[in-house]
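Q: Quick one: the structure is below, and I'll ask about it shortly.
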Amino acid sequence: MSETNLSLPQSLGEKARAALGRRNIVFVGLMGAGKSAIGRSVAQQLRIPFVDTDDEIERVSRMTISELFASYGEEEFRALETRVIKRLLRGGPKVVSTGGGAFINENTRRHIKRGGVSLWLKADLEVLWERVNKRDHRPLLKTENPKATLAALMEKRYPIYCEADITIESRDVRKDIIATEVLEAIASLTKKA
């Protein structure tokens with residue numbers, strides 16, 4: 001019997017991977033939006049590496065994000081963050097999860113736009129607050145009223161996050177539902193490089 005050229009249907013992950021080409025997917029959004037959890041799931045389904053920029057910053061500096069903020073201040077931290085992100089975006093594809101302030105920095109945003117497809121995980125205040133209020137490791141929330149601080153960050157940052165190439169609503173559902181929505185959005189991209 002001769003071999004026939006059977007075309008098996010592609011999985012969503014395979015379709016998204018084909019549309020992505022050599023580009024990186026860069027998750028942006030506020031703390032608690034799910035960038036790392038969803039990013040890991042998406043990377044696994046795309047069969048490409050996942051990198052969390054905060055983890056990478058802590059690895060190269062040998063300090064926690066909180067220690068970096070306390071020792072050097074936000075401006076120096078953002079400069080280090082930009083250098084790390086620029087390096088991570090060389091060569092792809094990979095899934096990169098950024099810290100909440102990374103995309104706000106104009107220089108970093110320019111590197112992200114050049115080095116990949118930006119994807120904003122947008123969440124409302126109550127979803128974010130529910131996710132971040134249980135832990136004490138967020139330097140920007142070490143304020144008298146952390147929920148009000150989070151709301152102020154949303155007001156300041158959301159107009160910039162909306163510059164992302166793709167926006168997906170992060171809400172209180174299973175992460176595989178959000179990951180599927182991300183993959184569908186990636187699969188619908190026009191393939192480049």
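Numbering starts fresh at 1 for the residues of each chain in the structure tokens, the chains themselves are lettered A, B, ... in the order given, and ligands are numbered from 1 as they appear.
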Near Gly13 in chain A, within 7 Å and counting only C-alpha atoms, which residues show up once chain neighbours fewer than 4 positions away are dropped, as a VMD selection string?

A: chain A and resid 17 45 to 46 183

Q: Would you write out those residues with N, CA and C atoms, as an mmCIF file, in the first residue's frame?

A:
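And here is the file that came out, selection_35.cif:
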```
data_model
loop_
_atom_site.group_PDB
_atom_site.id
_atom_site.type_symbol
_atom_site.label_atom_id
_atom_site.label_comp_id
_atom_site.auth_asym_id
_atom_site.auth_seq_id
_atom_site.Cartn_x
_atom_site.Cartn_y
_atom_site.Cartn_z
ATOM 1 N N ARG A 17 1.833 28.495 16.999
ATOM 2 C CA ARG A 17 3.301 28.432 16.815
ATOM 3 C C ARG A 17 3.671 28.784 15.376
ATOM 4 N N GLN A 45 2.352 24.977 25.592
ATOM 5 C CA GLN A 45 1.536 24.568 24.441
ATOM 6 C C GLN A 45 2.180 24.950 23.106
ATOM 7 N N LEU A 46 2.987 26.025 23.121
ATOM 8 C CA LEU A 46 3.706 26.413 21.905
ATOM 9 C C LEU A 46 5.011 25.627 21.747
ATOM 10 N N LEU A 183 -3.790 31.714 22.880
ATOM 11 C CA LEU A 183 -3.366 30.931 21.714
ATOM 12 C C LEU A 183 -4.213 31.246 20.482
#
```

Q: Which residues of range 44-151 of chain A sit at most 6 Å from range 26-31 of chain A, using only C-alpha atoms? Give each one's shortest atom pair and distance in Å (one decimal place), in chain and ascending residue order, as a tab-separated table.

A:
```
residue	atom	partner	partner_atom	distance
A:Val95	CA	A:Val26	CA	6.0
A:Val96	CA	A:Val26	CA	4.7
A:Ser97	CA	A:Phe27	CA	4.8
A:Thr98	CA	A:Val28	CA	5.8
A:Gly100	CA	A:Leu30	CA	4.4
A:Val117	CA	A:Val26	CA	6.0
A:Ser118	CA	A:Val26	CA	4.7
A:Leu119	CA	A:Phe27	CA	4.9
A:Trp120	CA	A:Val28	CA	4.8
A:Leu121	CA	A:Gly29	CA	5.5
```

Q: Show me a table, sorted first by chain and then by increasing residue number, of the residues of range 79-129 of chain A having an atom at most 12 Å from range 55-65 of chain A, each with its shortest atom pair and the distance in Å to one decimal, counting only C-alpha atoms and written as a tab-separated table.

A:
```
residue	atom	partner	partner_atom	distance
A:Ala79	CA	A:Ile57	CA	11.0
A:Leu80	CA	A:Ile57	CA	7.5
A:Glu81	CA	A:Ile57	CA	6.7
A:Thr82	CA	A:Ile57	CA	10.0
A:Arg83	CA	A:Ile57	CA	9.5
A:Val84	CA	A:Ile57	CA	6.7
A:Ile85	CA	A:Glu56	CA	9.1
A:Arg87	CA	A:Glu56	CA	10.6
A:Leu88	CA	A:Glu56	CA	9.1
A:Val96	CA	A:Glu56	CA	10.5
A:Ser97	CA	A:Asp55	CA	9.6
A:Thr98	CA	A:Asp55	CA	9.6
A:Gly99	CA	A:Asp55	CA	9.7
```

Q: A:Arg78, A:Arg157, A:Arg114, A:Lys94: which is nearest Gly21 in chain A, counting only C-alpha atoms?

A: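 Of A:Arg78, A:Arg157, A:Arg114, A:Lys94, the one nearest Gly21 in chain A, counting only C-alpha atoms, is A:Lys94.
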
Q: Check range 107-186 of chain A with DSSP on the backbone and list each residue it calls alpha helix (DSSP H), as number ranges by chain.

A: A: 107-115, 125-132, 146-161, 175-186

Q: Nearest residue to Val173 in chain A out of A:Phe103, A:Ala70, A:Ala18, A:Gly34, using only C-alpha atoms?

A: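 The closest residue to Val173 in chain A is A:Gly34.
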
Q: Quick one: distance from CA of Ile178 in chain A to CA of Arg109 in chain A in Å, one decimal?

A: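 Interatomic distance, CA of Ile178 in chain A to CA of Arg109 in chain A: 23.5 Å.
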
Q: Find the residues around Arg171 in chain A up to 12 Å (only C-alpha atoms counted), leave out those fewer than 6 positions away in its own chain, and share them as a list in words.

A: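 Neighbouring residues, sequence-local ones excluded: Gly32, Ala33, Gly34, Ile38, Leu121, Lys122, Ala123, Asp124, Leu125, Glu126, Val127, Leu128, Trp129, Glu130, Arg131, Ile177, Ile178, Ala179 and Glu181 of chain A.
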
Q: Which one is closest to His111 in chain A: A:Phe77, A:Lys86, A:Glu184, A:Arg22? Count only C-alpha atoms.

A: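 Nearest candidate to His111 in chain A out of A:Phe77, A:Lys86, A:Glu184, A:Arg22: A:Lys86.
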